[in-house]
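Data file: entry_11.cif. Format and content: mmCIF, C-alpha atoms and all ligand atoms.
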```cif
data_work
loop_
_atom_site.label_atom_id
_atom_site.label_comp_id
_atom_site.auth_asym_id
_atom_site.auth_seq_id
_atom_site.Cartn_x
_atom_site.Cartn_y
_atom_site.Cartn_z
CA MET A 12 -35.26 -27.62 19.71
CA CYS A 13 -34.17 -30.92 21.17
CA LEU A 14 -37.41 -32.76 21.86
CA GLY A 15 -37.24 -35.16 18.97
CA VAL A 16 -40.69 -36.57 18.37
CA PRO A 17 -41.21 -39.25 15.73
CA GLY A 18 -43.18 -38.29 12.64
CA LYS A 19 -44.17 -40.00 9.39
CA ILE A 20 -42.91 -38.82 6.00
CA ILE A 21 -45.86 -38.12 3.69
CA ARG A 22 -44.18 -36.23 0.81
CA ILE A 23 -40.63 -35.76 -0.46
CA TYR A 24 -39.62 -32.80 -2.65
CA ASP A 25 -36.69 -30.68 -3.71
CA ASP A 26 -36.31 -27.06 -2.62
CA ASN A 27 -33.41 -25.29 -4.36
CA SER A 28 -31.37 -28.50 -4.32
CA ILE A 29 -32.15 -29.21 -0.64
CA LYS A 30 -33.94 -32.53 -0.07
CA MET A 31 -37.09 -31.68 1.88
CA SER A 32 -40.21 -33.51 3.03
CA GLU A 33 -43.54 -33.05 4.70
CA VAL A 34 -43.77 -34.98 7.95
CA ASP A 35 -46.96 -35.77 9.82
CA PHE A 36 -46.85 -35.52 13.61
CA ASN A 37 -50.22 -36.84 14.75
CA GLY A 38 -52.12 -34.61 12.33
CA VAL A 39 -49.75 -31.62 12.36
CA THR A 40 -47.67 -31.33 9.19
CA MET A 41 -44.21 -29.79 9.22
CA LYS A 42 -41.45 -29.24 6.67
CA VAL A 43 -38.46 -31.41 7.48
CA CYS A 44 -35.08 -31.52 5.76
CA LEU A 45 -33.90 -35.00 4.70
CA GLU A 46 -30.28 -34.16 3.77
CA THR A 47 -28.96 -36.20 6.71
CA THR A 48 -31.22 -39.19 6.05
CA PRO A 49 -30.88 -39.60 2.28
CA GLN A 50 -32.25 -43.17 2.43
CA ALA A 51 -35.64 -42.04 3.83
CA LYS A 52 -38.78 -43.02 1.89
CA ILE A 53 -42.43 -42.00 2.09
CA GLY A 54 -44.00 -43.87 5.00
CA ASP A 55 -40.79 -44.01 7.06
CA TYR A 56 -40.73 -42.65 10.60
CA VAL A 57 -38.08 -40.09 11.41
CA ILE A 58 -36.76 -38.37 14.56
CA VAL A 59 -36.69 -34.62 13.98
CA HIS A 60 -34.50 -31.98 15.60
CA ALA A 61 -34.30 -28.36 14.48
CA GLY A 62 -36.29 -29.17 11.35
CA PHE A 63 -33.92 -31.98 10.34
CA ALA A 64 -34.54 -35.72 10.30
CA ILE A 65 -31.58 -36.91 12.36
CA ASN A 66 -32.43 -40.59 11.98
CA LEU A 67 -35.01 -43.15 10.90
CA LEU A 68 -36.84 -45.24 13.51
CA GLU A 69 -36.35 -48.97 12.98
CA GLU A 70 -39.63 -50.81 13.31
CA SER A 71 -37.97 -54.25 13.58
CA GLU A 72 -35.87 -53.04 16.53
CA ALA A 73 -38.93 -51.49 18.16
CA LEU A 74 -40.76 -54.80 18.01
CA GLU A 75 -37.75 -56.68 19.30
CA THR A 76 -37.49 -54.45 22.38
CA LEU A 77 -41.18 -55.03 23.03
CA SER A 78 -40.82 -58.79 22.77
CA MET A 79 -37.98 -58.57 25.32
CA LEU A 80 -40.42 -56.76 27.58
CA ASP A 81 -42.93 -59.56 27.19
CA GLU A 82 -40.31 -61.88 28.53
CA ILE A 83 -39.59 -59.61 31.47
CA ALA A 84 -43.31 -59.62 32.26
CA LYS A 85 -43.48 -63.42 31.99
CA LEU A 86 -40.47 -63.81 34.26
CA GLY A 87 -42.15 -61.49 36.74
CA GLU A 88 -45.29 -63.63 36.73
CA GLN A 89 -43.31 -66.79 37.26
CA GLU A 90 -41.50 -65.22 40.18
CA GLN A 91 -44.80 -64.26 41.76
CA THR A 92 -46.39 -67.72 41.43
CA MET B 26 -47.88 -45.37 14.82
CA ALA B 27 -48.53 -48.49 16.83
CA PHE B 28 -45.10 -48.65 18.38
CA THR B 29 -45.08 -45.01 19.52
CA GLU B 30 -48.33 -45.64 21.35
CA THR B 31 -46.98 -48.85 22.80
CA TYR B 32 -43.99 -46.96 24.15
CA ARG B 33 -46.47 -44.71 25.98
CA ASP B 34 -48.53 -47.60 27.43
CA PRO B 35 -48.92 -46.92 31.19
CA GLN B 36 -49.25 -50.62 31.99
CA LEU B 37 -45.95 -51.51 30.33
CA VAL B 38 -44.29 -48.60 32.14
CA THR B 39 -45.69 -49.82 35.50
CA GLN B 40 -44.47 -53.36 34.79
CA THR B 41 -41.00 -52.13 33.94
CA ILE B 42 -40.84 -49.99 37.08
CA GLN B 43 -41.97 -53.01 39.10
CA LYS B 44 -39.05 -54.91 37.61
CA ILE B 45 -36.70 -52.14 38.78
CA LYS B 46 -38.17 -52.45 42.29
CA ASP B 47 -37.70 -56.22 42.16
CA ILE B 48 -33.99 -56.09 41.39
CA ILE B 49 -32.80 -53.03 43.33
CA THR B 50 -31.02 -53.77 46.62
CA LYS B 51 -29.28 -50.49 47.50
CA PRO B 52 -29.24 -46.74 46.78
CA TRP B 53 -27.91 -45.53 43.42
CA VAL B 54 -27.35 -42.07 41.91
CA ILE B 55 -28.12 -41.79 38.20
CA MET B 56 -27.69 -38.73 35.99
CA GLU B 57 -29.84 -38.06 32.95
CA ILE B 58 -27.60 -35.81 30.91
CA CYS B 59 -30.29 -34.47 28.59
CA GLY B 60 -32.64 -31.64 29.58
CA GLY B 61 -35.35 -33.04 27.33
CA GLN B 62 -35.26 -36.20 29.40
CA THR B 63 -35.36 -34.16 32.64
CA HIS B 64 -38.65 -32.66 31.43
CA ALA B 65 -40.03 -36.00 30.25
CA LEU B 66 -39.15 -37.67 33.58
CA MET B 67 -40.91 -34.89 35.53
CA GLN B 68 -43.87 -34.80 33.18
CA HIS B 69 -44.53 -38.51 33.66
CA GLY B 70 -43.94 -38.35 37.41
CA PHE B 71 -40.95 -40.69 37.46
CA ASP B 72 -39.62 -39.14 40.67
CA ASP B 73 -42.74 -40.46 42.44
CA LEU B 74 -42.92 -43.77 40.58
CA LEU B 75 -39.33 -44.93 40.99
CA PRO B 76 -38.19 -46.72 44.15
CA GLN B 77 -36.70 -44.43 46.80
CA GLU B 78 -33.28 -45.98 46.37
CA ILE B 79 -32.86 -44.16 43.04
CA GLU B 80 -31.74 -40.54 43.06
CA LEU B 81 -31.97 -38.83 39.68
CA VAL B 82 -29.47 -36.02 39.22
CA HIS B 83 -30.12 -33.66 36.32
CA GLY B 84 -27.28 -32.99 33.92
CA PRO B 85 -26.18 -29.96 31.90
CA GLY B 86 -27.85 -31.10 28.67
CA CYS B 87 -29.75 -27.90 28.01
CA PRO B 88 -28.23 -26.13 25.00
CA VAL B 89 -29.92 -22.83 25.75
CA CYS B 90 -28.70 -22.91 29.37
CA VAL B 91 -25.03 -23.53 28.61
CA THR B 92 -24.64 -20.98 25.80
CA PRO B 93 -21.99 -18.59 27.17
CA LEU B 94 -23.14 -15.21 28.41
CA GLU B 95 -20.57 -13.38 26.22
CA LEU B 96 -22.11 -14.95 23.16
CA ILE B 97 -25.63 -13.96 24.19
CA ASP B 98 -24.41 -10.41 24.75
CA LYS B 99 -22.73 -10.52 21.31
CA GLY B 100 -25.97 -11.77 19.76
CA ILE B 101 -27.85 -8.91 21.42
CA ALA B 102 -25.28 -6.39 20.15
CA ILE B 103 -25.50 -7.76 16.60
CA ALA B 104 -29.30 -7.89 16.65
CA GLN B 105 -29.40 -4.17 17.53
CA GLN B 106 -27.42 -3.17 14.43
CA PRO B 107 -29.28 -1.68 11.46
CA ASP B 108 -29.86 -3.86 8.40
CA VAL B 109 -29.49 -7.06 10.40
CA ILE B 110 -32.07 -9.81 10.68
CA PHE B 111 -31.21 -11.96 13.70
CA ALA B 112 -32.72 -15.45 13.47
CA SER B 113 -32.87 -17.68 16.53
CA TYR B 114 -34.57 -20.69 18.06
CA GLY B 115 -37.44 -19.31 20.15
CA ASP B 116 -36.07 -20.45 23.51
CA MET B 117 -33.10 -18.08 23.22
CA LEU B 118 -35.18 -14.89 23.22
CA ARG B 119 -35.90 -14.78 26.94
CA VAL B 120 -32.47 -15.92 28.09
CA PRO B 121 -31.06 -13.09 30.20
CA GLY B 122 -27.94 -11.43 28.84
CA SER B 123 -25.90 -9.12 31.08
CA GLU B 124 -28.33 -6.25 30.64
CA LYS B 125 -31.22 -7.37 28.49
CA ASP B 126 -32.52 -10.25 26.39
CA LEU B 127 -33.23 -10.67 22.68
CA PHE B 128 -36.92 -10.32 23.35
CA SER B 129 -36.45 -6.76 24.58
CA VAL B 130 -34.27 -6.01 21.54
CA ARG B 131 -37.19 -7.09 19.39
CA ALA B 132 -39.67 -5.05 21.45
CA ALA B 133 -37.45 -2.01 20.89
CA GLY B 134 -37.68 -2.46 17.11
CA GLY B 135 -34.78 -4.86 16.44
CA ASN B 136 -35.40 -7.36 13.66
CA VAL B 137 -35.28 -10.63 15.66
CA LYS B 138 -37.01 -13.57 14.04
CA ILE B 139 -37.88 -16.91 15.63
CA VAL B 140 -37.13 -19.89 13.39
CA TYR B 141 -37.54 -23.55 14.16
CA SER B 142 -34.85 -24.62 11.73
CA PRO B 143 -31.70 -23.01 10.27
CA ILE B 144 -33.14 -23.80 6.83
CA GLU B 145 -35.68 -21.06 7.51
CA ALA B 146 -32.87 -18.63 8.33
CA LEU B 147 -31.27 -19.54 5.01
CA GLN B 148 -34.53 -18.77 3.23
CA ILE B 149 -34.78 -15.42 4.99
CA ALA B 150 -31.27 -14.63 3.71
CA ARG B 151 -32.26 -15.53 0.15
CA ASN B 152 -35.39 -13.39 0.34
CA ASN B 153 -33.62 -10.36 1.85
CA PRO B 154 -30.44 -9.76 -0.17
CA ASP B 155 -30.11 -6.21 1.20
CA LYS B 156 -29.96 -7.41 4.84
CA GLN B 157 -27.35 -9.35 6.79
CA VAL B 158 -28.99 -12.48 8.23
CA VAL B 159 -27.34 -13.94 11.33
CA PHE B 160 -28.42 -17.31 12.70
CA PHE B 161 -27.77 -18.14 16.37
CA ALA B 162 -26.42 -21.67 15.85
CA ILE B 163 -26.59 -23.19 19.32
CA GLY B 164 -27.08 -26.73 20.45
CA PHE B 165 -25.70 -30.18 21.14
CA GLU B 166 -24.87 -32.88 18.62
CA THR B 167 -28.56 -33.04 17.69
CA THR B 168 -28.60 -29.61 16.05
CA ALA B 169 -25.05 -29.80 14.65
CA PRO B 170 -25.99 -31.47 11.34
CA ALA B 171 -28.74 -28.91 10.72
CA ASN B 172 -26.58 -25.93 11.61
CA ALA B 173 -23.60 -27.26 9.64
CA LEU B 174 -25.66 -28.04 6.56
CA SER B 175 -27.06 -24.51 6.46
CA VAL B 176 -23.58 -23.03 6.21
CA MET B 177 -22.64 -25.60 3.59
CA LYS B 178 -25.65 -24.62 1.49
CA ALA B 179 -25.00 -20.91 2.03
CA LYS B 180 -21.51 -21.42 0.59
CA GLU B 181 -22.82 -23.47 -2.35
CA LEU B 182 -25.39 -20.77 -3.08
CA ASN B 183 -22.72 -18.11 -2.68
CA LEU B 184 -24.88 -16.24 -0.17
CA LYS B 185 -22.91 -13.23 1.02
CA ASN B 186 -25.48 -12.09 3.56
CA PHE B 187 -25.69 -15.21 5.77
CA SER B 188 -23.57 -15.94 8.82
CA MET B 189 -23.80 -17.87 12.10
CA LEU B 190 -23.04 -17.10 15.72
CA VAL B 191 -21.93 -20.54 16.87
CA SER B 192 -22.17 -22.21 20.29
CA GLN B 193 -22.07 -25.89 19.51
CA VAL B 194 -21.47 -28.26 22.44
CA ARG B 195 -20.69 -31.97 22.72
CA VAL B 196 -21.81 -34.36 25.46
CA PRO B 197 -18.94 -36.87 26.01
CA PRO B 198 -16.35 -34.28 27.19
CA ALA B 199 -18.96 -32.90 29.62
CA ILE B 200 -19.51 -36.39 31.06
CA ARG B 201 -15.75 -36.70 31.50
CA THR B 202 -15.66 -33.38 33.40
CA ILE B 203 -18.52 -34.45 35.68
CA LEU B 204 -16.86 -37.79 36.43
CA SER B 205 -13.44 -36.24 37.02
CA ASP B 206 -14.79 -33.94 39.75
CA PRO B 207 -13.60 -35.17 43.17
CA HIS B 208 -17.11 -34.51 44.56
CA ASN B 209 -18.84 -36.54 41.87
CA ARG B 210 -21.68 -38.74 43.16
CA VAL B 211 -23.02 -40.02 39.83
CA GLN B 212 -22.76 -43.82 39.49
CA GLY B 213 -24.53 -44.37 36.18
CA PHE B 214 -25.64 -42.31 33.18
CA LEU B 215 -28.65 -42.24 30.92
CA ALA B 216 -26.97 -41.23 27.65
CA ALA B 217 -29.24 -39.07 25.50
CA GLY B 218 -30.77 -41.19 22.75
CA HIS B 219 -30.90 -38.51 20.11
CA VAL B 220 -27.35 -37.31 20.60
CA CYS B 221 -26.38 -40.96 20.05
CA ALA B 222 -28.71 -41.21 17.04
CA VAL B 223 -26.41 -38.68 15.38
CA MET B 224 -22.99 -39.56 16.81
CA GLY B 225 -23.38 -43.21 17.78
CA TYR B 226 -22.08 -44.39 21.12
CA HIS B 227 -18.51 -45.48 20.51
CA GLU B 228 -17.28 -42.34 22.34
CA TYR B 229 -18.88 -43.68 25.53
CA LEU B 230 -17.00 -46.99 25.56
CA PRO B 231 -13.72 -45.51 26.88
CA LEU B 232 -15.66 -43.51 29.51
CA ALA B 233 -17.30 -46.68 30.86
CA ALA B 234 -13.92 -48.42 31.01
CA GLU B 235 -11.97 -45.52 32.51
CA PHE B 236 -14.50 -44.45 35.15
CA GLN B 237 -15.90 -47.95 35.78
CA LEU B 238 -19.59 -47.25 35.42
CA PRO B 239 -22.51 -48.05 33.10
CA LEU B 240 -23.84 -45.65 30.47
CA VAL B 241 -27.20 -46.57 28.98
CA VAL B 242 -28.43 -45.09 25.70
CA THR B 243 -32.03 -44.09 26.47
CA GLY B 244 -34.96 -42.79 24.42
CA PHE B 245 -37.63 -40.23 25.28
CA GLU B 246 -40.99 -41.99 25.55
CA PRO B 247 -42.08 -43.06 29.06
CA LEU B 248 -41.36 -46.71 28.36
CA ASP B 249 -37.95 -45.82 26.92
CA LEU B 250 -37.08 -43.93 30.10
CA ALA B 251 -38.25 -46.82 32.29
CA LEU B 252 -36.23 -49.30 30.21
CA GLY B 253 -33.14 -47.09 30.34
CA ILE B 254 -33.36 -46.87 34.12
CA LEU B 255 -34.00 -50.61 34.41
CA GLU B 256 -30.90 -51.39 32.35
CA THR B 257 -28.83 -48.93 34.40
CA ILE B 258 -29.93 -50.46 37.72
CA ARG B 259 -29.42 -53.97 36.37
CA ALA B 260 -25.87 -53.07 35.31
CA LEU B 261 -25.12 -51.34 38.64
CA GLU B 262 -26.46 -54.23 40.70
CA ASN B 263 -24.38 -56.70 38.68
CA GLY B 264 -21.25 -54.55 38.61
CA LYS B 265 -21.32 -54.28 34.82
CA ASN B 266 -19.41 -51.22 33.69
CA GLU B 267 -20.40 -51.07 30.08
CA VAL B 268 -22.37 -49.16 27.46
CA ILE B 269 -25.84 -50.59 26.89
CA ASN B 270 -28.19 -49.55 24.10
CA ALA B 271 -31.73 -49.42 25.49
CA TYR B 272 -32.97 -47.45 22.46
CA PRO B 273 -32.06 -49.68 19.51
CA ARG B 274 -34.96 -48.54 17.34
CA GLY B 275 -33.40 -45.07 17.16
CA VAL B 276 -29.68 -45.67 17.65
CA ILE B 277 -26.95 -47.84 16.18
CA GLN B 278 -23.38 -47.88 17.51
CA GLU B 279 -21.86 -45.91 14.63
CA GLY B 280 -24.68 -43.33 14.57
CA ASN B 281 -25.78 -41.48 11.44
CA ARG B 282 -22.82 -41.40 9.04
CA SER B 283 -24.33 -38.87 6.61
CA ALA B 284 -24.92 -36.47 9.48
CA GLN B 285 -21.39 -36.96 10.80
CA ASP B 286 -19.94 -36.30 7.32
CA ILE B 287 -21.70 -32.95 7.15
CA ILE B 288 -20.48 -32.02 10.65
CA GLU B 289 -16.90 -32.96 9.71
CA LYS B 290 -17.00 -30.92 6.52
CA VAL B 291 -17.95 -27.72 8.32
CA TYR B 292 -16.81 -27.87 11.93
CA LYS B 293 -13.66 -28.60 13.89
CA THR B 294 -13.50 -29.38 17.61
CA CYS B 295 -12.51 -26.62 20.02
CA ASP B 296 -12.34 -25.90 23.73
CA GLN B 297 -15.73 -24.53 24.63
CA LYS B 298 -17.07 -22.39 27.42
CA TRP B 299 -20.28 -23.61 29.11
CA ARG B 300 -22.35 -21.03 30.98
CA GLY B 301 -22.36 -21.85 34.69
CA ILE B 302 -19.67 -24.51 34.32
CA GLY B 303 -16.61 -23.02 32.65
CA THR B 304 -14.35 -24.12 29.81
CA ILE B 305 -14.31 -27.83 28.97
CA PRO B 306 -11.47 -29.03 26.70
CA ASP B 307 -12.55 -30.23 23.23
CA SER B 308 -16.22 -29.93 24.17
CA GLY B 309 -17.33 -27.75 21.28
CA TRP B 310 -17.30 -27.31 17.55
CA LYS B 311 -16.54 -24.17 15.60
CA LEU B 312 -16.49 -23.39 11.89
CA ASN B 313 -13.32 -24.71 10.25
CA GLU B 314 -10.95 -22.74 7.95
CA ASP B 315 -13.19 -23.27 4.89
CA TYR B 316 -16.10 -21.55 6.56
CA THR B 317 -14.61 -18.73 8.67
CA ASP B 318 -16.22 -16.20 6.28
CA PHE B 319 -19.56 -17.34 7.63
CA ASP B 320 -18.64 -16.76 11.27
CA ALA B 321 -20.68 -13.83 12.60
CA GLU B 322 -17.98 -13.17 15.18
CA ASN B 323 -15.61 -12.30 12.31
CA ARG B 324 -18.18 -10.40 10.29
CA PHE B 325 -19.41 -8.05 13.02
CA ASP B 326 -17.25 -5.94 15.25
CA VAL B 327 -19.25 -5.63 18.44
CA GLY B 328 -16.51 -3.97 20.46
CA GLN B 329 -15.74 -4.85 24.06
CA ILE B 330 -18.29 -7.02 25.79
CA GLN B 331 -18.48 -6.67 29.59
CA THR B 332 -20.50 -9.52 31.03
CA LYS B 333 -22.37 -9.55 34.32
CA GLU B 334 -24.11 -12.61 35.76
CA SER B 335 -27.12 -12.36 38.08
CA GLU B 336 -26.04 -12.35 41.71
CA VAL B 337 -28.80 -14.58 43.05
CA CYS B 338 -29.00 -17.22 40.33
CA ILE B 339 -27.35 -20.57 41.17
CA SER B 340 -28.01 -22.13 37.78
CA GLY B 341 -24.32 -23.05 37.46
CA LEU B 342 -24.62 -25.40 40.43
CA ILE B 343 -27.92 -26.72 39.10
CA LEU B 344 -26.34 -27.45 35.71
CA GLN B 345 -23.62 -29.41 37.45
CA GLY B 346 -26.20 -31.45 39.39
CA ARG B 347 -24.92 -30.06 42.71
CA LYS B 348 -28.10 -28.21 43.74
CA LYS B 349 -31.82 -28.63 43.02
CA PRO B 350 -33.96 -25.66 41.91
CA PHE B 351 -35.90 -25.42 45.19
CA GLU B 352 -32.61 -24.73 46.96
CA CYS B 353 -32.48 -21.40 45.10
CA PRO B 354 -34.08 -18.57 47.12
CA ALA B 355 -35.45 -16.96 43.95
CA PHE B 356 -37.12 -20.13 42.61
CA GLY B 357 -40.81 -19.50 41.90
CA THR B 358 -40.76 -16.08 43.56
CA LEU B 359 -38.33 -13.62 41.99
CA CYS B 360 -37.61 -16.08 39.20
CA THR B 361 -40.38 -17.59 37.04
CA PRO B 362 -40.58 -18.53 33.34
CA GLN B 363 -42.23 -15.13 32.68
CA ASN B 364 -39.45 -13.33 34.54
CA PRO B 365 -36.43 -15.61 34.41
CA LEU B 366 -33.21 -14.66 36.19
CA GLY B 367 -31.27 -17.57 34.71
CA ALA B 368 -31.33 -19.61 31.53
CA THR B 369 -32.37 -22.80 33.33
CA MET B 370 -35.76 -21.17 34.03
CA VAL B 371 -36.31 -20.24 30.37
CA SER B 372 -35.69 -23.24 28.28
CA SER B 373 -38.03 -26.13 27.62
CA GLU B 374 -34.97 -28.19 28.53
CA GLY B 375 -33.91 -26.26 31.64
CA THR B 376 -34.13 -27.92 35.06
CA CYS B 377 -35.63 -24.91 36.89
CA ALA B 378 -38.34 -24.66 34.22
CA ALA B 379 -39.08 -28.39 34.60
CA TYR B 380 -39.45 -28.09 38.38
CA TYR B 381 -41.60 -24.98 38.03
CA ARG B 382 -43.82 -26.48 35.36
CA TYR B 383 -44.41 -29.76 37.15
CA GLN B 384 -44.36 -28.07 40.57
CA ARG B 385 -41.74 -30.12 42.30
CA LYS B 386 -40.69 -28.95 45.73
S1 LIG C 1 -34.69 -20.55 39.97
FE1 LIG C 1 -34.04 -18.88 38.63
S2 LIG C 1 -32.53 -17.74 39.81
FE2 LIG C 1 -32.76 -19.74 40.79
S3 LIG C 1 -31.18 -21.03 39.83
FE3 LIG C 1 -33.06 -21.34 38.65
S4 LIG C 1 -32.86 -19.84 36.97
FE4 LIG C 1 -31.39 -19.20 38.56
#
```
Just give me the structure of the file as structure tokens.
Ligand code: SF4
Amino acid sequence: MCLGVPGKIIRIYDDNSIKMSEVDFNGVTMKVCLETTPQAKIGDYVIVHAGFAINLLEESEALETLSMLDEIAKLGEQEQT
Amino acid sequence: MAFTETYRDPQLVTQTIQKIKDIITKPWVIMEICGGQTHALMQHGFDDLLPQEIELVHGPGCPVCVTPLELIDKGIAIAQQPDVIFASYGDMLRVPGSEKDLFSVRAAGGNVKIVYSPIEALQIARNNPDKQVVFFAIGFETTAPANALSVMKAKELNLKNFSMLVSQVRVPPAIRTILSDPHNRVQGFLAAGHVCAVMGYHEYLPLAAEFQLPLVVTGFEPLDLALGILETIRALENGKNEVINAYPRGVIQEGNRSAQDIIEKVYKTCDQKWRGIGTIPDSGWKLNEDYTDFDAENRFDVGQIQTKESEVCISGLILQGRKKPFECPAFGTLCTPQNPLGATMVSSEGTCAAYYRYQRK
């Protein structure tokens, strides 16, 4: 129940006053509860545990980490030359 | 999504591991607390890829494994009662109780249902008003919001036939116990990214200061794991005893406030027993006074429970990072995922299961 894989929200709906969504995990669709991520919108990526979106994934942060990596790689090259 | 794929890019992982090799100058012992990360590390062959100086010790972060035996026996006793539907995450069914497991209760005609979310258990309760539906609410901070919300909704909906058997554990007190042990060898921690996604990482700051070591918030993709280890080694080599967030796309320091609010509404902290480890102060949550009616332990009288642990299984030592699975005489012979003697062989987060699956000797 703890392997949180990121998925993309494709539909948001209400089920007996519980905020629910359909989330796409690489082609497999699952029902995911959004009560703990009320700010989530269609198209957002969420981390899901036990059928609940525990958080949104931040694309800007993801890109920033990757640009840091680029710098690590560049430093590595400089050290080698 | 582009950035998920990027975080699985083998070349970036290799580069990051090369960086670790470049900066490491001496041996270090690192613990990954989370069983999901143990599996991911094995699956991607990190034990072969990392420099020899790094020893990875596997932590107790497997919710199925640490659920106390008494509670599993209670669950089994409740599931055998007439007019009960017992709903559980699938991993719990094969966990050995003292005499049997939930799977055998189901085979003998007990109404045991596998759900992937407590919301499903709630729906079962709504659809079966003439049955008592009991949900086995186990897990770390990652399942707490889901489990707590289900009880909240059950109360709002005035559902009289829904209750939970709760074993809800928290990571920071377990880290404190590991570090307080006089035999402790762990010098740095990978803090589980998704636990921190819910709770944030402010609880780790005092641990870093008190025990003088780095804790690095780490994600689950191969590149996340490599980055988490790189940051840990960098901190260790530079004597930096601080909390570092190597998973900023999933975690902010204060965590998910809405999730924490739900947890606070429903639960209160308690001393909690961990299977194989013992009682850890303040390491669990139980239902607070507003929700005691929904506690299955109050609703069902299951009489005296006499527990009995397997005599050969050393999963307690494995959960504490003191032994590796291949040091157990039963590993892979008497004990396999089809015929598990201990919980660590059952769960998709258990260390014995990880070693068996990825055939580490
Ligand atoms: S291999 Fe089986 S018997 Fe041995 S410690 Fe692991 S779960 Fe227990």
Query - Residues near range 72-78 of chain A, cut-off 12 Å, only C-alpha atoms, skip fewer than 5 positions along chain, as a ChimeraX atom specification - result: /A:56,67,83-85 /B:26-34,37-38,41,244,248-249,252-253,270-277
Report task. Please extract the residues at most 6 Å from ligand LIG 1 (chain C), counting all atoms listed in the file, and provide them as a list in words, using the chain letters and residue numbers of this document. Result ->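 Based on all atoms listed in the file, ligand LIG 1 (chain C) is surrounded within 6 Å by Val337, Cys338, Ile339, Ser340, Pro350, Cys353, Ala355, Phe356, Cys360, Pro365, Leu366, Gly367, Ala368, Thr369, Met370 and Cys377 of chain B.
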Query raised in the report: Within 9 Å of chain B, which residues of chain A show up when using all atoms listed in the file, listed as a VMD selection string?
Result: chain A and resid 12 to 19 29 37 43 to 44 46 to 49 56 to 58 60 to 77 80 83 to 84 87
Query raised in the report: Which residue, B:Leu255, B:Ile110, B:Leu238, B:Ile79, has the smallest gap to Pro154 in chain B when you use all atoms listed in the file?
Result: B:Ile110
Query raised in the report: Any idea what's packed within 10 Å of Leu204 in chain B, counting only C-alpha atoms, ignoring anything in its chain fewer than 5 positions away? Could you give it as a count of residues only?
Result: 10
Residues near range 188-190 of chain B, anyone? I mean within 10 Å using only C-alpha atoms, not counting same-chain ones fewer than 5 positions away, as a tab-separated table (two decimals) with C-alpha atoms, keeping the file's coordinate frame.
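Saved result, selection24.tsv, follows:
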```tsv
chain	number	residue	atom	x	y	z
B	96	LEU	CA	-22.11	-14.95	23.16
B	97	ILE	CA	-25.63	-13.96	24.19
B	99	LYS	CA	-22.73	-10.52	21.31
B	100	GLY	CA	-25.97	-11.77	19.76
B	103	ILE	CA	-25.50	-7.76	16.60
B	111	PHE	CA	-31.21	-11.96	13.70
B	112	ALA	CA	-32.72	-15.45	13.47
B	113	SER	CA	-32.87	-17.68	16.53
B	143	PRO	CA	-31.70	-23.01	10.27
B	146	ALA	CA	-32.87	-18.63	8.33
B	147	LEU	CA	-31.27	-19.54	5.01
B	150	ALA	CA	-31.27	-14.63	3.71
B	157	GLN	CA	-27.35	-9.35	6.79
B	158	VAL	CA	-28.99	-12.48	8.23
B	159	VAL	CA	-27.34	-13.94	11.33
B	160	PHE	CA	-28.42	-17.31	12.70
B	161	PHE	CA	-27.77	-18.14	16.37
B	162	ALA	CA	-26.42	-21.67	15.85
B	163	ILE	CA	-26.59	-23.19	19.32
B	172	ASN	CA	-26.58	-25.93	11.61
B	173	ALA	CA	-23.60	-27.26	9.64
B	175	SER	CA	-27.06	-24.51	6.46
B	176	VAL	CA	-23.58	-23.03	6.21
B	179	ALA	CA	-25.00	-20.91	2.03
B	311	LYS	CA	-16.54	-24.17	15.60
B	312	LEU	CA	-16.49	-23.39	11.89
B	316	TYR	CA	-16.10	-21.55	6.56
B	317	THR	CA	-14.61	-18.73	8.67
B	318	ASP	CA	-16.22	-16.20	6.28
B	319	PHE	CA	-19.56	-17.34	7.63
B	320	ASP	CA	-18.64	-16.76	11.27
B	321	ALA	CA	-20.68	-13.83	12.60
B	322	GLU	CA	-17.98	-13.17	15.18
B	323	ASN	CA	-15.61	-12.30	12.31
B	324	ARG	CA	-18.18	-10.40	10.29
B	325	PHE	CA	-19.41	-8.05	13.02
```
Requested in this report: Name the closest residue to Thr202 in chain B among the candidates B:Val371, B:Ala104, B:Ile305, B:Ala251; distances are taken between atoms, counting only C-alpha atoms.
Outcome: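 Ranked by minimum distance to Thr202 in chain B, first place goes to B:Ile305.
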Requested in this report: One decimal, Å: what's the distance from CA of Ser129 in chain B over to CA of Met117 in chain B, could you say?
Outcome: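 Going from CA of Ser129 in chain B over to CA of Met117 in chain B, I get 11.9 Å.
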Query raised in the report: Mind pulling up the distance from CA of Ser335 in chain B to CA of Leu81 in chain B?
Result: 27.0 Å
Requested in this report: Have a look at CA of Pro107 in chain B and CA of Ala132 in chain B and let me know their distance in Å, one decimal.
Outcome: 14.8 Å
Query raised in the report: Excluding same-chain residues fewer than 4 positions from Ile330 in chain B, what lies within 10 Å of it counting all atoms listed in the file, as a ChimeraX atom specification?
Result: /B:94-96,98-99,102,123
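For the residues A:Ile20, A:Asp25, A:Asp81, A:Val39, ranking by smallest atom-to-atom distance to Asp55 in chain A using all atoms listed in the file places A:Ile20 first.
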Requested in this report: Extract, using only C-alpha atoms, all DNA, RNA and protein residues at most 7 Å from Tyr226 in chain B, discarding same-chain residues fewer than 5 positions from it, and format them as a list in words.
Outcome: Cys221, Gln278 and Glu279 of chain B
Selection above as a file: C-alpha atoms, as an mmCIF file, in the coordinates of the input:
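Written file, part-v3.cif:
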```cif
data_model
loop_
_atom_site.group_PDB
_atom_site.id
_atom_site.type_symbol
_atom_site.label_atom_id
_atom_site.label_comp_id
_atom_site.auth_asym_id
_atom_site.auth_seq_id
_atom_site.Cartn_x
_atom_site.Cartn_y
_atom_site.Cartn_z
ATOM 1 C CA CYS B 221 -26.380 -40.960 20.050
ATOM 2 C CA GLN B 278 -23.380 -47.880 17.510
ATOM 3 C CA GLU B 279 -21.860 -45.910 14.630
#
```
